[in-house]
Amino acid sequence: MFDVLSRMARTGILTETSAAVPSNDELQRGIYRILGRALCIRHVDAGSCNGCELELQALSNPYYNLEGTGIKFVASPRHADLLLVTGPVSVNMEEALRRTWDAIPDPKLAVAVGDCAECGGIFGKSYASRGGVGDVIPVNHTIRGCPPTPVAILIGILEVLASASEV
Amino acid sequence: MTMQSTIFGVFATLLPSNLPAVRCDAQGDDWLRLAKELHASAARLLTLWGADDRDRNGSFRIRAAWLTPDGLVIAEHRIADTERPSYPSLAELFPSAARMQRAVFDLLGIRATGSDTRGWLRHSGWPEDVFPLRRDFDAATNYPAQPTPYAFVPVEGDGVHEIAVGPVHAGIIEPGHFRFSVVGEKVLRLEERLGYTHKGVAKLFQGTSQKLGHRLAARISGDSAVAFSWAWCAALEAITRTVCPERALHLRALALEHERLANHLGDLGALGNDAGFAFGLTQFSRMKEDLLRANADLFGARYLLDYILPGGVGGDPPEYAVAQLLHLYRELADGVTSMRNIYDEHAGIQDRFRETGRLAPDLAEKLGAVGLAARASGIASDLRADHPWPPYDKLAPKVVTQTSGDVAARAQVRLDEIAESLRLCRALLDGLSDGPVRTNVPPAEPNRAGIGLIEGWRGPVAIALETGPEGTIRWCHAHDPSVQNWPLLEYAIIGNIVPDFPLINKSFNLSYSGQDG
C-alpha cells in the first residue's frame, strides 16, 4: 500500500490542458450546456486494423482523462448518445453495425473515426468492404487521421456536439 | 543453413528471405510425407496459404512454412485438378493448420481433405461458390449480405447453457464472437468465431505497386504495424538483393522495440484493470503515452505505421533524440520496476493472475503455440534470438520464458521483455552509426518469390510475396501469429469461471484484424 501511495504522490496529476483542446473544466461546461448531462459514447469497430482503437483507448489515460470531462464509454448502445465507428465497414460487420445503431435511442449522433471510417481508406470498397461508415449508417461527423491522435478525436467529439446544439 | 539440395529426400532451393529459408517441391505423396518428417523433428508450423496459378500453369498451389532450428522450410504442392481442387489436410499433425485451411477454402476454393466445411472468413457476404482470391474474380464485385446461421458445436448435459458474446464487445476492442457453454459460472467449452474484420487484404495486394505495398502491410494489424511493414520490406529487399544502410537497420529495430514496449505497457495496465486494480492501468497507460509522444517527436508519428519503407526508414530522428530516448528509457525502467513490485505484492492481483487461464507446456507444444504465449508456456522461441537478422545479429537478444502458462506467466514475460527490450534499445542507440537512412530499391523482376519474417510483440509475423510484371505484386500472403494462438485461448479458459475470461483474453491479447486478413 505504501508503494502505491508513494507512486501516486510522485506521479501527481498529469491531466493537461493545451491550446488545441479546451481544458477539462471548459469541456465539461460545454457538454453540460449542450446536453445537460454527461455524454455517453458507444464504440463499434466495424473492421478496423486496431490502430484507431489504440488511440480511443489512450483518451482514458491520465493525460487526456476523458472521464474527468464528463464523457464516458458505455457498454450498451441502449445507454449511448453517440456512436463512434472505426474502420471500413467490413461485409461481415455490416449487420452488427446496423443493429448497434438501431439499438441507440433517439436523439443520437454517429461519428466516423479515422480515414477508413471516412471512405474505406486503404481498404476501399470491395467484396469484403462496404467502404466508409456513411455507406451503411447516417454519419454526422468525420474525424480524419490514420489513426487520428487522441487530441484530434477530442476536438472531433466537441465539434459534433457543437454542431448538434446549433440544429 | 547449409546449402542443402534435399530436405527429407525432397528437392529444395534457397528462397530469398531475411532468415535462412528453403523451398521444397512437395508433389504427390511428398506433401504429407514431408509434413510427417517435419512433425517428427519438432518443426513448428508457421503458416499455410494457397495461390491461383491457373493463368501460369493451369494449377492451384498450396504452401506451408515451418520453423526449424535450421531456419524456415517451405513446402509447395501443386494441385492440377482445378474442377475440384483438394490436398491432404495437415491438421492432424499440426492442429493450427485447421483454421488456415478453412481460410484457404473460403478465398480460393481449395479444400483440405476431411476438414471442417464451415465458413471461416466467409460469413454471409458472398455466395459459397464464389472464391474472391481467384484471379478471375473481380475484387470490386460485391453481394448483398444474406445472414446464415453458424453451426456452433453444442454441449449437452444437465444445467449446461450457452452465453453468446459479440461480435460487438463491451469495451473499445475489435469484433469477434465467443460462444461459451457453461454450468453455473464454470466454462465447459469456448468456441470462437472470427473473420468479422476480413477486409480482403490478400486480394488488395494483387497488382499493388512494390513501392506502396508496405503501407497496406502496416495496416493488417495496426498494433503490429512496424513488424508487418518490416516483414514486407524484408521480403522485397531479399528478392531485389537490396542491402539497407546500417543506420536504417538500427532505426527499424528501435521502432520494432518501441512497438513491443508500447503494447506490453498497454497490456500490463489493462491486465491490472481487468483484475480490479485501476491504478495499474493509470500508471502503465501513462508510461505508454510517454513513449508514444517520444515517437511522435522523434519519428514523426505516435504509431509508426509508415515509418518503415522499402530500402530503409522514412526519417532520421533529430540529434537530441539519443539523449531524450536514454532519459525516457530510464524513466520507463524505473516505472516498470516499481509497478512490478506493486503487482508482485498485491494479494488481489496475484489471486486473479495465478493459476488462471493456464496453458500447460505440453499442450502449448502440441497446439503449435508461437510467440509471447508460447514463451509463457515454456517454449523458448524468439526469432530475434533463434535466427537473428541484422541488426539483431549483433545484439544477442535474450529469450524470456516462464513455465506456469497462466495469466501471471504471460504478465511476467511482458515485464521481463520490457527490461530486455530497453536493453536492446540502449544498445541500438549506442551502436547508431552516421550515414543515410534509406537506399534505392530497384523494381524486382517478375515471378520472384521471397519471404520476410519479423518477431513482432505477439510473435513471428510473416509476409510471403511474389512479384508481378512492371514493379507490381502478383500475390502476397500475410501471416499474424494470432492465427495459431487464438485456439490456445479455447483451451486456456476450460474449467475457469466466466468473469475471468476478459482477464485471460487480455493476457493473450490476440489480433482479430491480423487473423481475419
# chains A, B, ... in the order shown; residues from 1 in each chain; ligands from 1
>>> residues_around(residues="Pro105 in chain A", least_positions_apart="3", cutoff="10 Å", atoms="only C-alpha atoms", output="PyMOL selection string")
chain A and resi 77-82+101-102+108
>>> write_last_selection(atoms="all heavy atoms", output="short mmCIF file (atom, residue, chain, number, x, y, z; two decimals), in the first residue's frame")
data_model
loop_
_atom_site.label_atom_id
_atom_site.label_comp_id
_atom_site.auth_asym_id
_atom_site.auth_seq_id
_atom_site.Cartn_x
_atom_site.Cartn_y
_atom_site.Cartn_z
N PRO A 77 -25.34 -0.06 -26.32
CA PRO A 77 -25.86 1.02 -27.17
C PRO A 77 -27.11 1.67 -26.58
O PRO A 77 -27.38 2.83 -26.84
CB PRO A 77 -26.17 0.31 -28.50
CG PRO A 77 -26.18 -1.15 -28.21
CD PRO A 77 -25.31 -1.35 -27.02
N ARG A 78 -27.83 0.92 -25.74
CA ARG A 78 -29.05 1.47 -25.11
C ARG A 78 -28.72 2.65 -24.21
O ARG A 78 -29.58 3.45 -23.88
CB ARG A 78 -29.74 0.39 -24.27
CG ARG A 78 -30.11 -0.85 -25.03
CD ARG A 78 -31.40 -0.68 -25.79
NE ARG A 78 -31.82 -1.93 -26.39
CZ ARG A 78 -32.50 -2.01 -27.53
NH1 ARG A 78 -32.82 -0.91 -28.19
NH2 ARG A 78 -32.84 -3.17 -28.02
N HIS A 79 -27.49 2.73 -23.75
CA HIS A 79 -27.10 3.81 -22.83
C HIS A 79 -26.42 4.96 -23.56
O HIS A 79 -25.98 5.91 -22.93
CB HIS A 79 -26.12 3.27 -21.77
CG HIS A 79 -26.64 2.10 -21.01
ND1 HIS A 79 -25.84 1.19 -20.40
CD2 HIS A 79 -27.92 1.70 -20.77
CE1 HIS A 79 -26.58 0.26 -19.81
NE2 HIS A 79 -27.85 0.54 -20.03
N ALA A 80 -26.28 4.86 -24.87
CA ALA A 80 -25.40 5.80 -25.59
C ALA A 80 -26.15 6.97 -26.21
O ALA A 80 -27.31 6.87 -26.60
CB ALA A 80 -24.63 5.04 -26.65
N ASP A 81 -25.43 8.11 -26.30
CA ASP A 81 -25.91 9.27 -27.04
C ASP A 81 -25.23 9.34 -28.39
O ASP A 81 -25.73 9.93 -29.33
CB ASP A 81 -25.55 10.58 -26.30
CG ASP A 81 -25.97 10.56 -24.85
OD1 ASP A 81 -27.17 10.38 -24.60
OD2 ASP A 81 -25.08 10.71 -23.98
N LEU A 82 -24.02 8.79 -28.42
CA LEU A 82 -23.19 8.97 -29.60
C LEU A 82 -22.49 7.66 -29.94
O LEU A 82 -22.04 6.94 -29.05
CB LEU A 82 -22.15 10.06 -29.28
CG LEU A 82 -21.23 10.59 -30.37
CD1 LEU A 82 -20.81 12.01 -30.02
CD2 LEU A 82 -19.98 9.75 -30.53
N TRP A 101 -26.51 0.57 -34.23
CA TRP A 101 -27.05 1.91 -34.48
C TRP A 101 -28.54 1.94 -34.16
O TRP A 101 -29.03 2.85 -33.49
CB TRP A 101 -26.77 2.30 -35.94
CG TRP A 101 -27.38 3.60 -36.37
CD1 TRP A 101 -28.32 3.80 -37.33
CD2 TRP A 101 -27.07 4.91 -35.85
NE1 TRP A 101 -28.62 5.13 -37.44
CE2 TRP A 101 -27.87 5.84 -36.54
CE3 TRP A 101 -26.22 5.38 -34.86
CZ2 TRP A 101 -27.83 7.21 -36.29
CZ3 TRP A 101 -26.18 6.75 -34.59
CH2 TRP A 101 -26.97 7.64 -35.30
N ASP A 102 -29.27 0.94 -34.60
CA ASP A 102 -30.72 0.89 -34.36
C ASP A 102 -31.03 0.79 -32.87
O ASP A 102 -32.10 1.22 -32.43
CB ASP A 102 -31.34 -0.32 -35.09
CG ASP A 102 -31.36 -0.12 -36.60
OD1 ASP A 102 -31.15 1.03 -37.04
OD2 ASP A 102 -31.54 -1.11 -37.34
N LYS A 108 -29.67 10.82 -31.40
CA LYS A 108 -28.36 10.16 -31.38
C LYS A 108 -27.48 10.72 -32.49
O LYS A 108 -27.98 11.27 -33.48
CB LYS A 108 -28.53 8.65 -31.54
CG LYS A 108 -29.28 8.23 -32.81
CD LYS A 108 -29.57 6.74 -32.78
CE LYS A 108 -30.48 6.31 -33.92
NZ LYS A 108 -30.84 4.89 -33.84
#
>>> closest_atom_pairs(of="chain A", to="chain B", cutoff="6 Å", atoms="only C-alpha atoms", output="JSON lines")
{"residue": "A:Asp45", "atom": "CA", "partner": "B:Glu174", "partner_atom": "CA", "distance": 5.7}
{"residue": "A:Gly47", "atom": "CA", "partner": "B:Thr197", "partner_atom": "CA", "distance": 4.1}
{"residue": "A:Cys49", "atom": "CA", "partner": "B:Ser221", "partner_atom": "CA", "distance": 4.9}
{"residue": "A:Asn50", "atom": "CA", "partner": "B:Gly222", "partner_atom": "CA", "distance": 5.1}
{"residue": "A:Gly51", "atom": "CA", "partner": "B:Gly222", "partner_atom": "CA", "distance": 4.4}
{"residue": "A:Asn61", "atom": "CA", "partner": "B:Ser285", "partner_atom": "CA", "distance": 5.6}
{"residue": "A:Ala75", "atom": "CA", "partner": "B:Ala170", "partner_atom": "CA", "distance": 4.4}
{"residue": "A:Ser90", "atom": "CA", "partner": "B:Thr197", "partner_atom": "CA", "distance": 5.8}
{"residue": "A:Val91", "atom": "CA", "partner": "B:Gly125", "partner_atom": "CA", "distance": 5.5}
{"residue": "A:Asn92", "atom": "CA", "partner": "B:Tyr196", "partner_atom": "CA", "distance": 4.8}
{"residue": "A:Met93", "atom": "CA", "partner": "B:Tyr196", "partner_atom": "CA", "distance": 5.6}
{"residue": "A:Ser126", "atom": "CA", "partner": "B:Ala140", "partner_atom": "CA", "distance": 4.7}
{"residue": "A:Tyr127", "atom": "CA", "partner": "B:Asn142", "partner_atom": "CA", "distance": 4.4}
{"residue": "A:Ala128", "atom": "CA", "partner": "B:Lys199", "partner_atom": "CA", "distance": 5.1}
{"residue": "A:Ser129", "atom": "CA", "partner": "B:Lys199", "partner_atom": "CA", "distance": 5.8}
>>> write_last_selection(atoms="all heavy atoms", output="compact mmCIF listing (two decimals), in the first residue's frame")
# COMPACT_ATOMS: atom_id res chain seq x y z
N ASP A 45 -16.14 -1.19 -33.57
CA ASP A 45 -15.10 -1.44 -34.57
C ASP A 45 -15.78 -2.21 -35.70
O ASP A 45 -16.20 -3.34 -35.53
CB ASP A 45 -13.99 -2.26 -33.91
CG ASP A 45 -12.96 -2.78 -34.90
OD1 ASP A 45 -13.23 -2.79 -36.12
OD2 ASP A 45 -11.87 -3.19 -34.45
N GLY A 47 -14.43 -3.06 -38.50
CA GLY A 47 -13.48 -3.76 -39.38
C GLY A 47 -12.11 -3.11 -39.37
O GLY A 47 -11.30 -3.34 -40.26
N CYS A 49 -8.19 -1.87 -38.33
CA CYS A 49 -6.94 -2.61 -38.15
C CYS A 49 -6.50 -2.60 -36.69
O CYS A 49 -5.47 -3.17 -36.35
CB CYS A 49 -5.83 -2.03 -39.02
SG CYS A 49 -5.13 -0.49 -38.36
N ASN A 50 -7.26 -1.91 -35.83
CA ASN A 50 -6.97 -1.80 -34.40
C ASN A 50 -6.13 -0.57 -34.08
O ASN A 50 -5.89 -0.27 -32.93
CB ASN A 50 -6.29 -3.06 -33.83
CG ASN A 50 -6.42 -3.17 -32.32
OD1 ASN A 50 -7.38 -2.66 -31.76
ND2 ASN A 50 -5.48 -3.82 -31.67
N GLY A 51 -5.71 0.18 -35.09
CA GLY A 51 -4.94 1.40 -34.85
C GLY A 51 -5.80 2.46 -34.17
O GLY A 51 -5.41 3.05 -33.15
N ASN A 61 -6.28 7.62 -20.70
CA ASN A 61 -5.07 7.70 -19.87
C ASN A 61 -5.05 9.03 -19.12
O ASN A 61 -5.81 9.94 -19.43
CB ASN A 61 -3.80 7.40 -20.70
CG ASN A 61 -3.34 8.55 -21.58
OD1 ASN A 61 -3.48 9.72 -21.22
ND2 ASN A 61 -2.80 8.22 -22.73
N ALA A 75 -21.09 0.36 -22.20
CA ALA A 75 -21.03 -0.99 -22.74
C ALA A 75 -22.22 -1.31 -23.64
O ALA A 75 -22.14 -2.16 -24.51
CB ALA A 75 -20.94 -1.99 -21.60
N SER A 90 -16.62 -3.71 -42.78
CA SER A 90 -16.42 -4.99 -43.45
C SER A 90 -17.79 -5.60 -43.72
O SER A 90 -18.75 -5.34 -42.99
CB SER A 90 -15.57 -5.93 -42.59
OG SER A 90 -16.34 -6.41 -41.53
N VAL A 91 -17.87 -6.37 -44.76
CA VAL A 91 -19.13 -7.03 -45.11
C VAL A 91 -19.61 -7.87 -43.92
O VAL A 91 -20.81 -7.91 -43.63
CB VAL A 91 -18.90 -7.91 -46.37
CG1 VAL A 91 -20.04 -8.87 -46.57
CG2 VAL A 91 -18.72 -7.02 -47.60
N ASN A 92 -18.67 -8.47 -43.22
CA ASN A 92 -19.04 -9.34 -42.09
C ASN A 92 -19.49 -8.57 -40.85
O ASN A 92 -20.01 -9.17 -39.93
CB ASN A 92 -17.86 -10.26 -41.74
CG ASN A 92 -17.58 -11.28 -42.82
OD1 ASN A 92 -18.39 -11.46 -43.72
ND2 ASN A 92 -16.43 -11.94 -42.74
N MET A 93 -19.23 -7.25 -40.81
CA MET A 93 -19.66 -6.44 -39.67
C MET A 93 -20.85 -5.54 -39.99
O MET A 93 -21.38 -4.86 -39.10
CB MET A 93 -18.50 -5.57 -39.16
CG MET A 93 -17.57 -6.25 -38.18
SD MET A 93 -18.42 -6.89 -36.72
CE MET A 93 -18.80 -5.37 -35.83
N SER A 126 -14.89 -3.25 -51.68
CA SER A 126 -14.53 -4.50 -52.34
C SER A 126 -15.55 -5.57 -51.98
O SER A 126 -16.55 -5.27 -51.32
CB SER A 126 -13.14 -4.96 -51.90
OG SER A 126 -13.21 -5.46 -50.57
N TYR A 127 -15.26 -6.78 -52.37
CA TYR A 127 -16.14 -7.90 -51.99
C TYR A 127 -16.24 -8.02 -50.48
O TYR A 127 -17.21 -8.56 -49.95
CB TYR A 127 -15.61 -9.21 -52.59
CG TYR A 127 -14.43 -9.81 -51.84
CD1 TYR A 127 -14.64 -10.73 -50.82
CD2 TYR A 127 -13.12 -9.42 -52.12
CE1 TYR A 127 -13.57 -11.26 -50.11
CE2 TYR A 127 -12.06 -9.95 -51.42
CZ TYR A 127 -12.28 -10.87 -50.42
OH TYR A 127 -11.23 -11.39 -49.71
N ALA A 128 -15.20 -7.52 -49.75
CA ALA A 128 -15.15 -7.70 -48.30
C ALA A 128 -15.44 -6.42 -47.53
O ALA A 128 -15.59 -6.46 -46.32
CB ALA A 128 -13.78 -8.24 -47.89
N SER A 129 -15.48 -5.28 -48.22
CA SER A 129 -15.63 -4.00 -47.53
C SER A 129 -16.71 -3.14 -48.19
O SER A 129 -16.71 -2.99 -49.42
CB SER A 129 -14.29 -3.25 -47.54
OG SER A 129 -14.48 -1.88 -47.25
>>> residues_around(residues="range 475-478 of chain B", least_positions_apart="2", cutoff="7 Å", atoms="only C-alpha atoms", output="list in words")
Trp49, Ala202, Phe205, Gln206, Ala462, Ile463, Ala464, Leu465, Glu466, Ile473 and Asp480 of chain B
>>> write_last_selection(atoms="N, CA, C and O atoms", output="short mmCIF file (atom, residue, chain, number, x, y, z; two decimals), in the first residue's frame")
data_model
loop_
_atom_site.label_atom_id
_atom_site.label_comp_id
_atom_site.auth_asym_id
_atom_site.auth_seq_id
_atom_site.Cartn_x
_atom_site.Cartn_y
_atom_site.Cartn_z
N TRP B 49 -0.81 -21.27 -46.88
CA TRP B 49 -1.60 -20.42 -47.77
C TRP B 49 -1.68 -21.02 -49.16
O TRP B 49 -0.97 -21.97 -49.49
N ALA B 202 -5.47 -9.86 -48.91
CA ALA B 202 -4.69 -10.62 -49.90
C ALA B 202 -5.09 -10.23 -51.32
O ALA B 202 -4.24 -10.12 -52.22
N PHE B 205 -3.63 -6.86 -52.24
CA PHE B 205 -2.20 -6.90 -52.56
C PHE B 205 -1.96 -7.23 -54.03
O PHE B 205 -0.94 -6.82 -54.59
N GLN B 206 -2.87 -7.98 -54.63
CA GLN B 206 -2.66 -8.38 -56.03
C GLN B 206 -2.63 -7.16 -56.93
O GLN B 206 -3.58 -6.39 -57.00
N ALA B 462 4.85 -12.90 -40.63
CA ALA B 462 5.46 -13.30 -41.90
C ALA B 462 4.74 -12.64 -43.07
O ALA B 462 3.52 -12.47 -43.05
N ILE B 463 5.51 -12.27 -44.07
CA ILE B 463 4.95 -11.80 -45.34
C ILE B 463 5.66 -12.56 -46.45
O ILE B 463 6.87 -12.46 -46.61
N ALA B 464 4.87 -13.36 -47.18
CA ALA B 464 5.43 -14.06 -48.34
C ALA B 464 4.90 -13.35 -49.57
O ALA B 464 3.70 -13.08 -49.65
N LEU B 465 5.77 -13.02 -50.48
CA LEU B 465 5.25 -12.36 -51.68
C LEU B 465 5.93 -12.84 -52.95
O LEU B 465 7.03 -13.40 -52.92
N GLU B 466 5.21 -12.62 -54.04
CA GLU B 466 5.75 -12.96 -55.35
C GLU B 466 5.49 -11.76 -56.25
O GLU B 466 4.41 -11.16 -56.21
N ILE B 473 3.00 -6.46 -57.45
CA ILE B 473 2.97 -7.69 -56.64
C ILE B 473 1.97 -8.64 -57.29
O ILE B 473 0.85 -8.26 -57.60
N ASP B 480 -0.31 -13.44 -39.33
CA ASP B 480 -0.20 -12.91 -37.98
C ASP B 480 -0.14 -14.09 -37.00
O ASP B 480 -0.90 -15.06 -37.17
#
>>> atom_distance(atom1="CA of Lys506 in chain B", atom2="CA of Ala96 in chain A")
22.8 Å
>>> residues_around(residues="range 410-413 of chain B", least_positions_apart="4", cutoff="8 Å", atoms="only C-alpha atoms", output="PyMOL selection string")
chain B and resi 268+271+372-373+375-376+400-402+405-406+417+507-508
>>> write_last_selection(atoms="all heavy atoms", output="compact mmCIF listing (two decimals), in the first residue's frame")
# COMPACT_ATOMS: atom_id res chain seq x y z
N LEU B 268 -0.09 -4.60 -19.78
CA LEU B 268 0.11 -4.75 -18.33
C LEU B 268 -0.86 -3.86 -17.57
O LEU B 268 -1.39 -4.25 -16.52
CB LEU B 268 1.57 -4.43 -17.96
CG LEU B 268 2.56 -5.54 -18.33
CD1 LEU B 268 3.99 -5.02 -18.31
CD2 LEU B 268 2.42 -6.74 -17.39
N LEU B 271 -4.30 -5.47 -17.90
CA LEU B 271 -4.41 -6.67 -17.05
C LEU B 271 -4.70 -6.27 -15.61
O LEU B 271 -5.53 -6.90 -14.94
CB LEU B 271 -3.11 -7.49 -17.13
CG LEU B 271 -2.96 -8.36 -18.38
CD1 LEU B 271 -1.54 -8.90 -18.49
CD2 LEU B 271 -3.95 -9.52 -18.35
N LEU B 372 4.85 -14.81 -27.76
CA LEU B 372 4.76 -14.49 -26.34
C LEU B 372 4.00 -15.58 -25.57
O LEU B 372 4.44 -16.02 -24.51
CB LEU B 372 4.04 -13.15 -26.22
CG LEU B 372 3.88 -12.49 -24.86
CD1 LEU B 372 3.82 -10.99 -25.05
CD2 LEU B 372 2.68 -12.95 -24.09
N ALA B 373 2.85 -16.02 -26.11
CA ALA B 373 2.05 -17.03 -25.40
C ALA B 373 2.83 -18.34 -25.27
O ALA B 373 2.76 -19.01 -24.24
CB ALA B 373 0.74 -17.27 -26.15
N ARG B 375 6.13 -18.61 -25.15
CA ARG B 375 7.22 -18.39 -24.18
C ARG B 375 6.71 -18.45 -22.74
O ARG B 375 7.44 -18.85 -21.83
CB ARG B 375 7.92 -17.05 -24.46
CG ARG B 375 8.68 -17.06 -25.79
CD ARG B 375 9.65 -15.90 -25.90
NE ARG B 375 9.01 -14.63 -26.16
CZ ARG B 375 8.62 -14.18 -27.35
NH1 ARG B 375 8.82 -14.93 -28.42
NH2 ARG B 375 8.06 -13.00 -27.48
N ALA B 376 5.44 -18.05 -22.52
CA ALA B 376 4.87 -18.12 -21.16
C ALA B 376 4.53 -19.55 -20.78
O ALA B 376 4.26 -19.85 -19.62
CB ALA B 376 3.64 -17.23 -21.08
N VAL B 400 12.99 -14.67 -23.20
CA VAL B 400 12.37 -14.68 -21.89
C VAL B 400 11.33 -15.82 -21.84
O VAL B 400 10.51 -15.93 -22.74
CB VAL B 400 11.65 -13.34 -21.67
CG1 VAL B 400 10.78 -13.39 -20.43
CG2 VAL B 400 12.66 -12.21 -21.58
N THR B 401 11.38 -16.65 -20.83
CA THR B 401 10.36 -17.70 -20.71
C THR B 401 9.84 -17.81 -19.29
O THR B 401 10.49 -17.37 -18.34
CB THR B 401 10.88 -19.10 -21.11
OG1 THR B 401 12.03 -19.38 -20.34
CG2 THR B 401 11.21 -19.19 -22.58
N GLN B 402 8.66 -18.41 -19.20
CA GLN B 402 8.05 -18.80 -17.94
C GLN B 402 7.47 -20.18 -18.18
O GLN B 402 7.25 -20.55 -19.34
CB GLN B 402 6.92 -17.83 -17.56
CG GLN B 402 7.40 -16.46 -17.13
CD GLN B 402 7.97 -16.48 -15.72
OE1 GLN B 402 7.44 -17.14 -14.83
NE2 GLN B 402 9.06 -15.76 -15.51
N GLY B 405 2.46 -20.94 -17.56
CA GLY B 405 1.45 -20.85 -18.62
C GLY B 405 0.14 -20.16 -18.22
O GLY B 405 -0.85 -20.23 -18.94
N ASP B 406 0.12 -19.49 -17.06
CA ASP B 406 -1.12 -18.83 -16.63
C ASP B 406 -1.04 -17.32 -16.92
O ASP B 406 -0.08 -16.85 -17.53
CB ASP B 406 -1.37 -19.09 -15.13
CG ASP B 406 -0.15 -18.81 -14.27
OD1 ASP B 406 0.85 -18.28 -14.80
OD2 ASP B 406 -0.17 -19.11 -13.06
N GLU B 417 10.30 -8.92 -20.81
CA GLU B 417 10.61 -8.48 -22.18
C GLU B 417 10.76 -6.96 -22.27
O GLU B 417 11.50 -6.46 -23.11
CB GLU B 417 9.54 -8.97 -23.17
CG GLU B 417 9.69 -10.47 -23.42
CD GLU B 417 8.86 -11.01 -24.58
OE1 GLU B 417 8.10 -10.24 -25.20
OE2 GLU B 417 8.99 -12.21 -24.86
N SER B 507 -4.68 -11.38 -21.43
CA SER B 507 -3.32 -11.87 -21.21
C SER B 507 -2.72 -12.41 -22.50
O SER B 507 -1.50 -12.40 -22.69
CB SER B 507 -3.29 -12.93 -20.10
OG SER B 507 -3.82 -14.16 -20.54
N PHE B 508 -3.57 -12.89 -23.43
CA PHE B 508 -3.08 -13.28 -24.75
C PHE B 508 -3.06 -12.06 -25.68
O PHE B 508 -2.16 -11.92 -26.49
CB PHE B 508 -3.98 -14.36 -25.36
CG PHE B 508 -3.82 -15.73 -24.76
CD1 PHE B 508 -4.63 -16.17 -23.73
CD2 PHE B 508 -2.84 -16.59 -25.24
CE1 PHE B 508 -4.47 -17.44 -23.18
CE2 PHE B 508 -2.68 -17.87 -24.70
CZ PHE B 508 -3.50 -18.29 -23.67
>>> atom_distance(atom1="CA of Gly452 in chain B", atom2="CA of Pro436 in chain B")
22.6 Å
>>> atom_distance(atom1="CA of Ile163 in chain B", atom2="CA of Asp500 in chain B")
14.2 Å
>>> residues_around(residues="range 151-154 of chain B", least_positions_apart="6", cutoff="10 Å", atoms="only C-alpha atoms", output="PyMOL selection string")
chain B and resi 118-119+160-162+179-181+189-193
>>> residues_around(residues="Val160 in chain A", least_positions_apart="3", cutoff="9 Å", atoms="only C-alpha atoms", output="ChimeraX atom specification")
/A:109-111,140-142,155-157,163-165
>>> write_last_selection(atoms="all heavy atoms", output="CSV table (one decimal), in the first residue's frame")
chain,number,residue,atom,x,y,z
A,109,LEU,N,-26.2,10.5,-32.3
A,109,LEU,CA,-25.2,11.0,-33.2
A,109,LEU,C,-24.3,9.9,-33.6
A,109,LEU,O,-24.0,9.0,-32.8
A,109,LEU,CB,-24.4,12.2,-32.6
A,109,LEU,CG,-25.1,13.4,-32.2
A,109,LEU,CD1,-24.2,14.3,-31.3
A,109,LEU,CD2,-25.5,14.2,-33.5
A,110,ALA,N,-23.8,10.0,-34.9
A,110,ALA,CA,-22.7,9.0,-35.3
A,110,ALA,C,-21.5,9.7,-35.8
A,110,ALA,O,-21.6,10.7,-36.6
A,110,ALA,CB,-23.3,8.1,-36.4
A,111,VAL,N,-20.4,9.3,-35.3
A,111,VAL,CA,-19.1,9.9,-35.8
A,111,VAL,C,-18.2,8.8,-36.4
A,111,VAL,O,-18.0,7.8,-35.7
A,111,VAL,CB,-18.4,10.6,-34.6
A,111,VAL,CG1,-17.0,11.1,-35.0
A,111,VAL,CG2,-19.2,11.7,-34.0
A,140,ASN,N,-22.9,11.9,-38.8
A,140,ASN,CA,-22.9,13.4,-38.5
A,140,ASN,C,-21.6,14.1,-38.7
A,140,ASN,O,-21.5,15.3,-38.9
A,140,ASN,CB,-23.4,13.6,-37.1
A,140,ASN,CG,-24.8,13.1,-36.8
A,140,ASN,OD1,-24.9,11.9,-36.5
A,140,ASN,ND2,-25.8,13.9,-37.0
A,141,HIS,N,-20.5,13.3,-38.5
A,141,HIS,CA,-19.2,14.0,-38.4
A,141,HIS,C,-18.1,13.0,-38.7
A,141,HIS,O,-18.3,11.8,-38.4
A,141,HIS,CB,-19.0,14.6,-37.1
A,141,HIS,CG,-17.9,15.6,-37.0
A,141,HIS,ND1,-18.0,16.8,-37.6
A,141,HIS,CD2,-16.7,15.5,-36.4
A,141,HIS,CE1,-16.8,17.5,-37.4
A,141,HIS,NE2,-16.0,16.7,-36.7
A,142,THR,N,-17.0,13.5,-39.3
A,142,THR,CA,-15.9,12.6,-39.6
A,142,THR,C,-14.6,13.1,-38.9
A,142,THR,O,-14.4,14.3,-39.0
A,142,THR,CB,-15.7,12.5,-41.1
A,142,THR,OG1,-16.9,11.9,-41.7
A,142,THR,CG2,-14.5,11.6,-41.4
A,155,ILE,N,-11.3,16.8,-30.2
A,155,ILE,CA,-11.8,18.0,-31.0
A,155,ILE,C,-13.0,17.6,-31.8
A,155,ILE,O,-14.0,18.3,-31.9
A,155,ILE,CB,-10.7,18.6,-31.9
A,155,ILE,CG1,-9.6,19.2,-31.0
A,155,ILE,CG2,-11.2,19.7,-32.8
A,155,ILE,CD1,-8.3,19.7,-31.7
A,156,GLY,N,-12.9,16.4,-32.5
A,156,GLY,CA,-14.0,16.0,-33.3
A,156,GLY,C,-15.3,15.8,-32.5
A,156,GLY,O,-16.4,16.1,-33.0
A,157,ILE,N,-15.1,15.2,-31.3
A,157,ILE,CA,-16.3,15.0,-30.5
A,157,ILE,C,-16.9,16.3,-30.1
A,157,ILE,O,-18.2,16.5,-30.1
A,157,ILE,CB,-15.9,14.2,-29.2
A,157,ILE,CG1,-15.5,12.7,-29.6
A,157,ILE,CG2,-17.1,14.1,-28.2
A,157,ILE,CD1,-15.0,11.9,-28.5
A,163,SER,N,-22.1,21.3,-33.3
A,163,SER,CA,-23.0,21.4,-34.5
A,163,SER,C,-24.3,20.9,-34.2
A,163,SER,O,-25.3,21.4,-34.7
A,163,SER,CB,-22.3,20.8,-35.7
A,163,SER,OG,-22.2,19.4,-35.5
A,164,ALA,N,-24.4,19.9,-33.3
A,164,ALA,CA,-25.7,19.3,-33.0
A,164,ALA,C,-26.5,20.3,-32.2
A,164,ALA,O,-27.7,20.4,-32.3
A,164,ALA,CB,-25.5,18.0,-32.2
A,165,SER,N,-25.8,21.1,-31.3
A,165,SER,CA,-26.5,22.1,-30.5
A,165,SER,C,-27.1,23.2,-31.3
A,165,SER,O,-28.0,23.9,-30.9
A,165,SER,CB,-25.6,22.6,-29.4
A,165,SER,OG,-24.6,23.5,-30.0
>>> closest_residue(among="A:Thr69, A:Ser48, A:Thr100, A:Ser60", to="Gly87 in chain A", atoms="only C-alpha atoms")
A:Ser48
>>> residues_around(residues="Gly114 in chain A", least_positions_apart="3", cutoff="8 Å", atoms="only C-alpha atoms", output="MDAnalysis selection string")
chainID A and resid 52 86:87 117:118 142:148
